[in-house]
>>> print(open('structure.csv').read())   # CSV, C-alpha atoms and all ligand atoms
chain,number,residue,atom,x,y,z
K,1,MET,CA,-26.9,-45.9,-5.3
K,2,GLN,CA,-25.8,-46.0,-8.9
K,3,PHE,CA,-22.2,-46.9,-9.7
K,4,LYS,CA,-21.6,-43.5,-11.3
K,5,THR,CA,-22.9,-41.7,-8.2
K,6,ILE,CA,-20.7,-43.8,-5.9
K,7,LEU,CA,-17.7,-42.8,-8.1
K,8,LYS,CA,-18.6,-39.2,-7.7
K,9,THR,CA,-19.1,-39.3,-4.0
K,10,LEU,CA,-16.1,-41.5,-3.2
K,11,PRO,CA,-13.5,-38.7,-3.3
K,12,LEU,CA,-15.6,-36.6,-1.1
K,13,LEU,CA,-16.0,-39.4,1.4
K,14,MET,CA,-12.3,-40.1,1.4
K,15,LEU,CA,-11.6,-36.4,1.9
K,16,ALA,CA,-14.0,-36.2,4.8
K,17,SER,CA,-12.5,-39.3,6.5
K,18,GLY,CA,-9.0,-38.0,5.9
K,19,LEU,CA,-9.7,-34.7,7.5
K,20,ALA,CA,-11.4,-36.4,10.4
K,21,SER,CA,-8.3,-38.6,11.1
K,22,ALA,CA,-5.9,-35.6,10.7
K,23,ALA,CA,-7.9,-33.6,13.3
K,24,HIS,CA,-10.1,-35.5,15.7
K,25,ALA,CA,-12.8,-33.5,17.6
K,26,ALA,CA,-10.7,-32.7,20.6
K,27,ASP,CA,-7.8,-31.1,18.8
K,28,VAL,CA,-7.2,-27.4,19.3
K,29,LYS,CA,-6.5,-26.0,15.9
K,30,LEU,CA,-4.0,-23.1,15.9
K,31,GLY,CA,-3.2,-21.4,12.6
K,32,LEU,CA,0.3,-20.2,11.6
K,33,ALA,CA,0.8,-17.8,8.7
K,34,ALA,CA,4.5,-17.6,8.0
K,35,ALA,CA,6.7,-16.6,5.1
K,36,LEU,CA,8.1,-20.0,4.1
K,37,THR,CA,9.3,-19.0,0.6
K,38,GLY,CA,10.7,-15.8,-0.7
K,39,PRO,CA,13.3,-13.5,1.0
K,40,ALA,CA,11.4,-13.4,4.3
K,41,ALA,CA,11.7,-17.2,4.5
K,42,LYS,CA,15.0,-16.5,6.3
K,43,TYR,CA,12.8,-15.6,9.3
K,44,GLY,CA,9.7,-17.7,8.5
K,45,VAL,CA,11.3,-21.1,8.5
K,46,ALA,CA,12.9,-20.4,11.9
K,47,ILE,CA,9.5,-19.3,13.1
K,48,LYS,CA,7.8,-22.5,11.9
K,49,ASN,CA,10.5,-24.6,13.5
K,50,GLY,CA,10.0,-22.8,16.9
K,51,PHE,CA,6.3,-23.4,16.8
K,52,SER,CA,6.6,-27.1,15.8
K,53,LEU,CA,9.1,-27.7,18.6
K,54,ALA,CA,6.9,-26.1,21.2
K,55,ALA,CA,3.7,-27.9,19.9
K,56,ASP,CA,5.5,-31.2,20.1
K,57,GLU,CA,6.6,-30.5,23.6
K,58,VAL,CA,3.1,-29.5,24.8
K,59,ASN,CA,1.5,-32.5,23.1
K,60,ALA,CA,4.1,-34.9,24.4
K,61,ALA,CA,3.2,-33.6,27.9
K,62,GLY,CA,-0.4,-34.6,27.3
K,63,GLY,CA,-1.6,-31.5,25.5
K,64,VAL,CA,-3.8,-28.8,27.1
K,65,ASN,CA,-6.6,-29.9,29.4
K,66,GLY,CA,-6.4,-33.3,27.6
K,67,ASN,CA,-6.6,-31.7,24.1
K,68,LYS,CA,-3.8,-32.0,21.6
K,69,LEU,CA,-2.6,-28.8,19.8
K,70,LEU,CA,-2.8,-29.0,16.0
K,71,LEU,CA,-0.8,-26.4,14.0
K,72,VAL,CA,-2.3,-25.6,10.6
K,73,ILE,CA,0.7,-24.0,8.8
K,74,GLU,CA,0.4,-21.9,5.6
K,75,ASP,CA,3.0,-20.1,3.5
K,76,GLU,CA,2.1,-16.3,3.2
K,77,GLN,CA,5.4,-15.8,1.1
K,78,GLY,CA,6.2,-12.5,2.9
K,79,LYS,CA,3.5,-10.8,0.7
K,80,LYS,CA,0.6,-8.7,1.9
K,81,GLU,CA,-1.9,-10.2,-0.5
K,82,GLU,CA,-0.9,-13.8,0.5
K,83,ALA,CA,-1.1,-12.9,4.1
K,84,ILE,CA,-4.7,-11.8,3.6
K,85,ASN,CA,-5.5,-15.0,1.7
K,86,VAL,CA,-3.9,-17.2,4.3
K,87,PHE,CA,-5.6,-15.4,7.2
K,88,LYS,CA,-9.0,-15.9,5.5
K,89,LYS,CA,-8.3,-19.6,4.9
K,90,LEU,CA,-7.1,-20.2,8.5
K,91,ILE,CA,-10.0,-18.2,10.1
K,92,PHE,CA,-13.0,-19.1,7.9
K,93,LYS,CA,-12.1,-22.4,6.3
K,94,ASP,CA,-9.9,-24.2,8.8
K,95,LYS,CA,-11.7,-22.5,11.7
K,96,ALA,CA,-8.5,-22.0,13.7
K,97,LEU,CA,-9.0,-20.9,17.3
K,98,LEU,CA,-6.2,-18.3,16.9
K,99,VAL,CA,-3.8,-17.3,14.1
K,100,PHE,CA,0.0,-16.8,14.6
K,101,GLY,CA,1.9,-14.5,12.3
K,102,PRO,CA,2.3,-13.2,9.7
K,103,THR,CA,6.1,-12.8,9.6
K,104,LEU,CA,6.5,-9.2,8.4
K,105,SER,CA,4.8,-6.1,9.9
K,106,ASN,CA,4.2,-5.1,6.4
K,107,SER,CA,1.9,-8.1,6.0
K,108,ALA,CA,0.4,-7.8,9.5
K,109,PHE,CA,-1.0,-4.3,8.6
K,110,ALA,CA,-2.9,-6.0,5.7
K,111,ALA,CA,-4.0,-9.2,7.4
K,112,ASP,CA,-4.7,-8.3,11.1
K,113,PRO,CA,-7.8,-6.3,10.3
K,114,ILE,CA,-9.4,-9.5,9.1
K,115,ALA,CA,-8.7,-11.2,12.4
K,116,ASN,CA,-10.0,-8.3,14.4
K,117,ALA,CA,-13.2,-8.1,12.4
K,118,ALA,CA,-13.7,-11.8,12.8
K,119,LYS,CA,-12.9,-11.6,16.6
K,120,VAL,CA,-10.0,-14.0,16.3
K,121,VAL,CA,-6.6,-13.4,18.0
K,122,ALA,CA,-3.8,-12.5,15.5
K,123,PHE,CA,-0.6,-13.2,17.5
K,124,GLY,CA,2.6,-11.8,15.9
K,125,THR,CA,5.9,-13.2,17.0
K,126,SER,CA,8.1,-11.1,14.7
K,127,ASN,CA,6.1,-7.9,14.1
K,128,THR,CA,8.0,-5.0,15.6
K,129,ALA,CA,6.8,-1.9,13.7
K,130,ASP,CA,4.9,0.9,15.6
K,131,GLY,CA,1.2,0.7,15.4
K,132,ILE,CA,0.7,-3.1,15.0
K,133,THR,CA,-1.3,-3.5,18.2
K,134,ALA,CA,-3.3,-0.3,17.5
K,135,MET,CA,-5.1,-2.3,14.9
K,136,GLY,CA,-7.5,-3.8,17.4
K,137,PRO,CA,-8.0,-5.7,20.6
K,138,PHE,CA,-7.4,-9.1,18.9
K,139,THR,CA,-3.9,-8.2,17.9
K,140,PHE,CA,-1.2,-9.5,20.3
K,141,ARG,CA,2.5,-9.7,19.9
K,142,ASN,CA,5.4,-11.1,21.9
K,143,SER,CA,8.0,-9.5,19.6
K,144,VAL,CA,9.7,-6.5,21.2
K,145,MET,CA,9.0,-3.5,19.2
K,146,GLU,CA,11.7,-1.4,17.5
K,147,ALA,CA,10.6,1.6,19.7
K,148,ASP,CA,11.9,-0.4,22.7
K,149,VAL,CA,14.9,-2.0,21.1
K,150,LEU,CA,16.6,0.8,19.1
K,151,PRO,CA,17.2,3.4,21.9
K,152,VAL,CA,19.0,0.8,24.0
K,153,THR,CA,20.9,-0.5,21.0
K,154,THR,CA,22.0,3.0,19.8
K,155,ARG,CA,23.1,4.0,23.3
K,156,ALA,CA,25.3,0.9,23.6
K,157,ALA,CA,26.8,1.2,20.1
K,158,VAL,CA,27.6,4.9,20.6
K,159,LYS,CA,29.4,4.1,23.8
K,160,HIS,CA,31.2,1.0,22.5
K,161,PHE,CA,32.6,2.6,19.4
K,162,GLY,CA,32.8,6.3,20.6
K,163,ILE,CA,30.5,7.3,17.8
K,164,LYS,CA,30.0,11.1,17.2
K,165,LYS,CA,28.0,11.1,13.9
K,166,VAL,CA,26.1,8.5,11.8
K,167,ALA,CA,24.6,8.0,8.4
K,168,ILE,CA,21.3,6.2,7.9
K,169,ILE,CA,20.1,3.8,5.2
K,170,TYR,CA,16.6,2.3,5.2
K,171,GLY,CA,14.0,0.7,3.1
K,172,ASN,CA,11.2,3.2,2.5
K,173,ASP,CA,8.5,0.9,1.2
K,174,ASP,CA,8.3,-1.7,4.0
K,175,ALA,CA,6.3,-1.0,7.2
K,176,PHE,CA,9.0,-2.4,9.5
K,177,THR,CA,12.1,-0.7,7.9
K,178,LYS,CA,10.2,2.6,7.6
K,179,SER,CA,9.0,2.4,11.2
K,180,GLY,CA,12.5,1.5,12.4
K,181,TYR,CA,13.8,4.5,10.5
K,182,ASP,CA,11.4,6.8,12.3
K,183,VAL,CA,12.4,5.4,15.6
K,184,PHE,CA,16.1,5.7,14.8
K,185,LYS,CA,15.6,9.3,13.7
K,186,GLY,CA,13.9,10.2,17.0
K,187,THR,CA,16.5,8.2,19.0
K,188,LEU,CA,19.5,9.9,17.4
K,189,ALA,CA,17.9,13.3,18.0
K,190,ASP,CA,17.2,12.4,21.7
K,191,GLN,CA,20.8,11.1,22.1
K,192,LYS,CA,22.2,14.1,20.3
K,193,ILE,CA,24.0,12.2,17.5
K,194,PRO,CA,24.1,14.2,14.3
K,195,VAL,CA,23.1,12.4,11.0
K,196,THR,CA,25.5,13.0,8.1
K,197,THR,CA,23.1,11.8,5.4
K,198,THR,CA,19.9,9.7,5.1
K,199,GLU,CA,19.6,7.3,2.2
K,200,ALA,CA,16.7,5.1,1.2
K,201,TYR,CA,16.2,2.0,-1.0
K,202,ALA,CA,13.2,0.0,-2.2
K,203,LYS,CA,12.3,-3.6,-1.6
K,204,GLY,CA,14.2,-6.0,-3.8
K,205,ASP,CA,17.0,-3.6,-4.6
K,206,VAL,CA,20.4,-5.3,-4.9
K,207,ASP,CA,22.7,-2.5,-5.9
K,208,PHE,CA,23.2,0.1,-3.2
K,209,LYS,CA,26.3,1.8,-4.6
K,210,ALA,CA,24.7,5.2,-5.3
K,211,GLN,CA,23.5,5.5,-1.7
K,212,LEU,CA,26.7,4.1,-0.2
K,213,THR,CA,28.8,6.5,-2.3
K,214,LYS,CA,26.9,9.4,-0.7
K,215,ILE,CA,27.3,7.9,2.7
K,216,LYS,CA,31.0,7.5,2.2
K,217,ALA,CA,31.4,11.1,1.2
K,218,SER,CA,29.6,12.2,4.4
K,219,ASN,CA,32.2,10.4,6.5
K,220,PRO,CA,30.1,9.0,9.3
K,221,ASP,CA,31.6,7.0,12.3
K,222,ALA,CA,28.9,4.3,11.9
K,223,ILE,CA,26.0,3.4,9.6
K,224,VAL,CA,22.5,2.9,11.0
K,225,CYS,CA,20.6,0.4,8.9
K,226,SER,CA,16.8,-0.1,9.3
K,227,CYS,CA,16.8,-3.1,7.0
K,228,LEU,CA,15.6,-6.7,6.6
K,229,THR,CA,18.5,-9.2,6.7
K,230,GLU,CA,19.2,-9.9,3.1
K,231,GLU,CA,19.4,-6.2,2.1
K,232,ALA,CA,21.4,-5.5,5.2
K,233,ALA,CA,23.9,-8.2,4.3
K,234,ASN,CA,24.3,-6.9,0.8
K,235,ILE,CA,24.6,-3.3,2.0
K,236,ILE,CA,27.4,-4.3,4.4
K,237,LEU,CA,29.3,-6.2,1.7
K,238,GLN,CA,29.0,-3.4,-0.8
K,239,THR,CA,30.2,-0.9,1.9
K,240,ARG,CA,33.4,-2.9,2.4
K,241,ALA,CA,33.9,-3.1,-1.4
K,242,LEU,CA,33.9,0.7,-1.4
K,243,GLY,CA,36.7,0.6,1.2
K,244,MET,CA,34.5,1.8,4.0
K,245,LYS,CA,35.2,0.3,7.5
K,246,GLN,CA,32.4,1.8,9.6
K,247,PRO,CA,30.4,-0.5,11.9
K,248,PHE,CA,26.7,-1.0,11.4
K,249,ILE,CA,23.9,-0.5,13.9
K,250,GLY,CA,20.5,-2.2,13.3
K,251,GLY,CA,17.4,-3.6,14.9
K,252,ASN,CA,15.3,-6.8,14.8
K,253,GLY,CA,15.8,-7.3,11.1
K,254,LEU,CA,19.4,-8.1,11.5
K,255,ASN,CA,18.9,-10.9,14.0
K,256,SER,CA,19.0,-13.8,11.5
K,257,PRO,CA,22.1,-15.9,11.1
K,258,LYS,CA,21.4,-15.5,7.3
K,259,LEU,CA,23.1,-12.2,7.7
K,260,PHE,CA,26.4,-14.0,8.0
K,261,ASP,CA,25.6,-16.5,5.2
K,262,ILE,CA,25.7,-13.6,2.8
K,263,ALA,CA,27.9,-11.0,4.5
K,264,LYS,CA,30.4,-13.5,6.0
K,265,GLY,CA,33.1,-11.8,8.1
K,266,ALA,CA,32.0,-8.3,6.8
K,267,GLY,CA,29.1,-8.6,9.2
K,268,ASP,CA,31.5,-8.5,12.2
K,269,ASP,CA,31.1,-5.6,14.7
K,270,THR,CA,27.5,-5.0,13.6
K,271,ILE,CA,25.5,-4.1,16.7
K,272,MET,CA,21.9,-5.1,17.0
K,273,GLY,CA,19.2,-5.3,19.7
K,274,SER,CA,17.2,-8.3,20.5
K,275,PRO,CA,15.1,-9.8,23.3
K,276,TRP,CA,17.0,-13.1,23.0
K,277,SER,CA,20.5,-14.3,23.3
K,278,SER,CA,22.0,-17.8,23.0
K,279,GLU,CA,24.3,-16.8,25.9
K,280,ASN,CA,21.4,-16.4,28.3
K,281,LEU,CA,21.8,-19.6,30.2
K,282,THR,CA,18.5,-19.8,32.1
K,283,PRO,CA,17.1,-23.4,32.4
K,284,ALA,CA,14.3,-22.5,29.9
K,285,ASN,CA,16.6,-21.2,27.3
K,286,LYS,CA,19.2,-24.0,27.7
K,287,ALA,CA,16.4,-26.6,27.3
K,288,PHE,CA,15.0,-24.7,24.2
K,289,ILE,CA,18.4,-24.5,22.5
K,290,ALA,CA,19.2,-28.2,23.2
K,291,ALA,CA,15.8,-29.4,22.0
K,292,TYR,CA,16.0,-27.2,18.8
K,293,LYS,CA,19.4,-28.5,17.9
K,294,ALA,CA,18.3,-32.1,18.5
K,295,LYS,CA,15.2,-31.7,16.3
K,296,PHE,CA,16.6,-29.5,13.5
K,297,GLY,CA,20.3,-30.1,13.5
K,298,SER,CA,21.0,-26.3,13.6
K,299,ASP,CA,21.2,-23.5,16.1
K,300,PRO,CA,18.0,-21.6,16.8
K,301,ASP,CA,17.7,-17.8,16.3
K,302,GLN,CA,15.7,-15.0,17.9
K,303,PHE,CA,12.7,-15.8,15.6
K,304,ALA,CA,12.6,-19.4,16.5
K,305,ALA,CA,12.8,-18.5,20.2
K,306,GLN,CA,9.9,-16.0,20.0
K,307,ALA,CA,7.7,-18.5,18.1
K,308,TYR,CA,8.5,-21.2,20.7
K,309,ASP,CA,7.6,-18.8,23.5
K,310,ALA,CA,4.4,-17.7,21.8
K,311,LEU,CA,3.1,-21.2,21.6
K,312,HIS,CA,3.8,-21.7,25.3
K,313,VAL,CA,2.0,-18.4,26.1
K,314,VAL,CA,-1.1,-19.6,24.2
K,315,ALA,CA,-0.9,-23.0,25.8
K,316,ALA,CA,-0.8,-21.3,29.2
K,317,ALA,CA,-3.9,-19.2,28.3
K,318,LEU,CA,-5.7,-22.3,27.0
K,319,LYS,CA,-5.1,-24.1,30.3
K,320,LYS,CA,-7.1,-21.3,32.1
K,321,ILE,CA,-10.2,-21.7,29.9
K,322,LYS,CA,-12.7,-24.4,29.4
K,323,LEU,CA,-13.4,-24.7,25.7
K,324,SER,CA,-17.1,-24.9,25.0
K,325,GLY,CA,-16.9,-26.2,21.4
K,326,ALA,CA,-18.7,-23.0,20.2
K,327,LEU,CA,-15.9,-21.5,18.1
K,328,ASP,CA,-16.9,-17.8,18.4
K,329,LYS,CA,-17.2,-18.0,22.2
K,330,ASP,CA,-13.9,-20.0,22.5
K,331,ARG,CA,-12.0,-17.5,20.3
K,332,ILE,CA,-13.2,-14.6,22.6
K,333,ALA,CA,-12.4,-16.6,25.8
K,334,LEU,CA,-8.9,-17.1,24.5
K,335,GLN,CA,-8.5,-13.4,23.8
K,336,GLN,CA,-9.7,-12.6,27.3
K,337,ALA,CA,-7.3,-15.1,28.9
K,338,LEU,CA,-4.2,-14.0,27.1
K,339,PRO,CA,-3.4,-10.6,28.7
K,340,ALA,CA,-2.8,-12.0,32.2
K,341,VAL,CA,-0.4,-14.8,31.0
K,342,THR,CA,3.2,-14.6,32.1
K,343,ILE,CA,5.8,-17.3,31.3
K,344,ASP,CA,9.5,-17.9,31.9
K,345,GLY,CA,10.5,-18.8,28.3
K,346,ALA,CA,13.5,-19.0,26.0
K,347,THR,CA,13.5,-15.2,25.7
K,348,GLY,CA,13.3,-14.8,29.5
K,349,LYS,CA,10.4,-13.6,31.6
K,350,PHE,CA,7.5,-12.5,29.4
K,351,ALA,CA,4.4,-10.5,30.1
K,352,PHE,CA,2.0,-8.5,28.0
K,353,ARG,CA,1.2,-4.8,28.3
K,354,LYS,CA,-1.7,-3.0,26.8
K,355,ALA,CA,-0.8,-1.0,23.7
K,356,PRO,CA,-0.7,2.8,23.9
K,357,PRO,CA,-4.3,4.2,23.7
K,358,VAL,CA,-5.7,5.4,20.4
K,359,THR,CA,-8.7,7.7,20.6
K,360,GLY,CA,-12.0,6.0,19.7
K,361,LYS,CA,-10.4,2.6,19.2
K,362,GLU,CA,-9.8,-0.5,21.2
K,363,VAL,CA,-6.2,-1.6,21.1
K,364,GLY,CA,-4.3,-4.9,21.5
K,365,TYR,CA,-1.3,-6.1,23.6
K,366,ASP,CA,2.5,-5.5,23.2
K,367,ALA,CA,5.4,-7.4,24.8
K,368,GLN,CA,6.7,-6.2,28.1
K,369,GLN,CA,10.3,-7.3,27.8
K,370,GLU,CA,13.7,-5.7,27.9
K,371,ALA,CA,16.0,-5.6,24.9
K,372,ILE,CA,19.5,-6.8,25.1
K,373,VAL,CA,22.3,-5.7,22.8
K,374,ASN,CA,24.4,-8.1,20.7
K,375,ILE,CA,27.5,-7.6,18.6
K,376,ALA,CA,28.4,-9.8,15.6
K,377,LYS,CA,31.7,-11.7,16.0
K,378,GLY,CA,32.9,-14.5,13.8
K,379,GLY,CA,29.4,-15.2,12.4
K,380,LYS,CA,27.7,-15.2,15.8
K,381,PHE,CA,25.7,-12.8,17.9
K,382,ILE,CA,27.7,-12.2,21.1
K,383,LEU,CA,26.3,-10.2,24.1
K,384,LEU,CA,27.8,-6.7,24.1
K,385,LYS,CA,29.1,-6.3,27.6
D,401,LIG,C1,8.9,-6.8,11.2
D,401,LIG,C2,10.2,-7.4,11.7
D,401,LIG,C3,11.0,-8.2,10.8
D,401,LIG,C4,12.4,-8.3,11.1
D,401,LIG,C5,10.3,-9.6,10.9
D,401,LIG,C6,11.1,-10.7,10.4
D,401,LIG,O1,10.5,-7.2,12.8
D,401,LIG,O2,8.5,-7.0,10.0
D,401,LIG,O3,8.2,-6.2,12.0
>>> encode(input="structure.csv", output="structure tokens")
Amino acid sequence: MQFKTILKTLPLLMLASGLASAAHAADVKLGLAAALTGPAAKYGVAIKNGFSLAADEVNAAGGVNGNKLLLVIEDEQGKKEEAINVFKKLIFKDKALLVFGPTLSNSAFAADPIANAAKVVAFGTSNTADGITAMGPFTFRNSVMEADVLPVTTRAAVKHFGIKKVAIIYGNDDAFTKSGYDVFKGTLADQKIPVTTTEAYAKGDVDFKAQLTKIKASNPDAIVCSCLTEEAANIILQTRALGMKQPFIGGNGLNSPKLFDIAKGAGDDTIMGSPWSSENLTPANKAFIAAYKAKFGSDPDQFAAQAYDALHVVAAALKKIKLSGALDKDRIALQQALPAVTIDGATGKFAFRKAPPVTGKEVGYDAQQEAIVNIAKGGKFILLK
């Protein structure tokens, strides 16, 4: 071989050996598409931490049927286009057995069709909009949908504050905030709570004064907010600046401690629904919280808990199948093993249920889990008793 040729081939050889040592043949590659930068990183970083913690635990206990789990983590930036790119990379280039994520429902509606077409499970741990699992039989989620969370939350908030009428504010260009709005609207009608006014904003808005001035004039007892955390926090702050004291009611989007980093004490008395509570002192949750604090030096949140549980759900499914090494077959075997998995995790007892039927279409699997209701007090989520 000529010297020149060796020089040309050397980087390739180095690359190949590097890849080989990073992932030896028996590793089970699991992809994670998460928003690690941008506004949704408030959720995505917690998600990544939850997955890393659980993967370390499974591997420290010997892996799954002797195979180590290898997480391939990519930043989808909370953007649809990036979620599509990252799903394609994880599925076709990295040849992941399954892909977790993406962080936002808005991105899942763009990326999950790729996974369903390729017959690879797309497992959402934070996608709560209606219709996510209608995308196909390879879409799974352990996140509890807004349709299950918001009726319970609204009922508890109405009772707690003696609410007679509410105003609504929501983001009208995000799949999650829009879906949450639809659910709130139906819920308020069912529970016979009149709506004084409905105001909308767009992704990235920072000034909500026009909408809040209208809400103030309509004199509601509480404000229903179908919002992601950063917008919710700014809305709450600006409400107080206008001299309004009404409590807020929200869904999954409000369950990040980042809410309090921005809104500080103004976030107090906000009522939100979640499948997870730090006050749930089951052995599994206590172990999760302690291990998370030890590894990351901070308290976990709902998003970390759901990611952690999702990894354990997939590990349980993998234990039931014998991987053949033929990727297409193994991906389908995993999809078929997942629906029957139940675990007792950080979020409590977990099981899947088949998504509501859609004519002419195969559907995926939703979370069968109860929502609990939290109230914000002193920068913490406290169980509403
Ligand atoms: C969704 C959500 C967000 C709160 C995810 C972080 O539930 O986009 O479905």
>>> closest_residue(input="structure.csv", among="K:Ala35, K:Ala326, K:Ile271, K:Ala294", to="Lys385 (chain K)", atoms="all atoms listed in the file")
K:Ile271
>>> atom_distance(input="structure.csv", atom1="CA of Gly379 (chain K)", atom2="CA of Met272 (chain K)")
13.4 Å
>>> residues_near_ligand(input="structure.csv", ligand="ligand LIG 401 (chain D)", cutoff="10 Å", atoms="only C-alpha atoms and all ligand atoms", output="NGL selection string")
:K and (34-35 or 40-44 or 46-47 or 78 or 101-109 or 124-130 or 132 or 143-146 or 174-177 or 179-180 or 226-229 or 251-256 or 302-303)
>>> closest_residue(input="structure.csv", among="K:Glu81, K:Asp56, K:Asp148, K:Glu199", to="Gln369 (chain K)", atoms="all atoms listed in the file")
K:Asp148
>>> atom_distance(input="structure.csv", atom1="CA of Gly38 (chain K)", atom2="CA of Ala200 (chain K)")
21.8 Å
>>> residues_around(input="structure.csv", residues="Ala156 (chain K)", least_positions_apart="2", cutoff="10 Å", atoms="only C-alpha atoms", output="list in words")
Leu150, Pro151, Val152, Thr153, Thr154, Val158, Lys159, His160, Phe161, Gly162, Ile249, Ile271, Met272, Gly273, Ile372, Val373, Asn374, Leu384 and Lys385 of chain K
>>> residues_around(input="structure.csv", residues="Ala304 (chain K)", least_positions_apart="4", cutoff="10 Å", atoms="only C-alpha atoms", output="PyMOL selection string")
chain K and resi 43-54+125-126+256+288-289+292+299-300+308-310+346
>>> residues_around(input="structure.csv", residues="Ala26 (chain K)", least_positions_apart="5", cutoff="10 Å", atoms="all atoms listed in the file", output="list in words")
Gly66, Asn67, Lys68, Leu69, Leu70, Leu323 and Gly325 of chain K
>>> residues_around(input="structure.csv", residues="Thr282 (chain K)", least_positions_apart="2", cutoff="8 Å", atoms="all atoms listed in the file", output="list in words")
Asn280, Ala284, Asn285, Lys286, Ala346 and Gly348 of chain K
>>> atom_distance(input="structure.csv", atom1="CA of Asp221 (chain K)", atom2="CA of Asp268 (chain K)")
15.5 Å
>>> residues_around(input="structure.csv", residues="Glu82 (chain K)", least_positions_apart="5", cutoff="9 Å", atoms="all atoms listed in the file", output="number ranges by chain")
K: 75-77, 87, 107, 111
>>> closest_residue(input="structure.csv", among="K:Ile84, K:Ala167, K:Ala305, K:Leu338", to="Ala317 (chain K)", atoms="all atoms listed in the file")
K:Leu338
>>> closest_residue(input="structure.csv", among="K:Ala61, K:Thr347, K:Asp269, K:Leu32", to="Ile91 (chain K)", atoms="only C-alpha atoms")
K:Leu32
>>> residues_near_point(input="structure.csv", point="(37.4, 3.8, 8.4)", cutoff="10 Å", atoms="all atoms listed in the file", output="list in words")
Lys216, Asn219, Pro220, Asp221, Ala222, Arg240, Gly243, Met244, Lys245, Gln246 and Pro247 of chain K
>>> write_last_selection(input="structure.csv", atoms="C-alpha atoms", output="short mmCIF file (atom, residue, chain, number, x, y, z; two decimals), keeping the file's coordinate frame")
data_model
loop_
_atom_site.label_atom_id
_atom_site.label_comp_id
_atom_site.auth_asym_id
_atom_site.auth_seq_id
_atom_site.Cartn_x
_atom_site.Cartn_y
_atom_site.Cartn_z
CA LYS K 216 31.00 7.50 2.20
CA ASN K 219 32.20 10.40 6.50
CA PRO K 220 30.10 9.00 9.30
CA ASP K 221 31.60 7.00 12.30
CA ALA K 222 28.90 4.30 11.90
CA ARG K 240 33.40 -2.90 2.40
CA GLY K 243 36.70 0.60 1.20
CA MET K 244 34.50 1.80 4.00
CA LYS K 245 35.20 0.30 7.50
CA GLN K 246 32.40 1.80 9.60
CA PRO K 247 30.40 -0.50 11.90
#
>>> closest_residue(input="structure.csv", among="K:Phe100, K:Lys192, K:Leu242, K:Ile73", to="Ala307 (chain K)", atoms="all atoms listed in the file")
K:Phe100
>>> closest_residue(input="structure.csv", among="K:Lys165, K:Lys377, K:His312, K:Lys214", to="Asp344 (chain K)", atoms="only C-alpha atoms")
K:His312
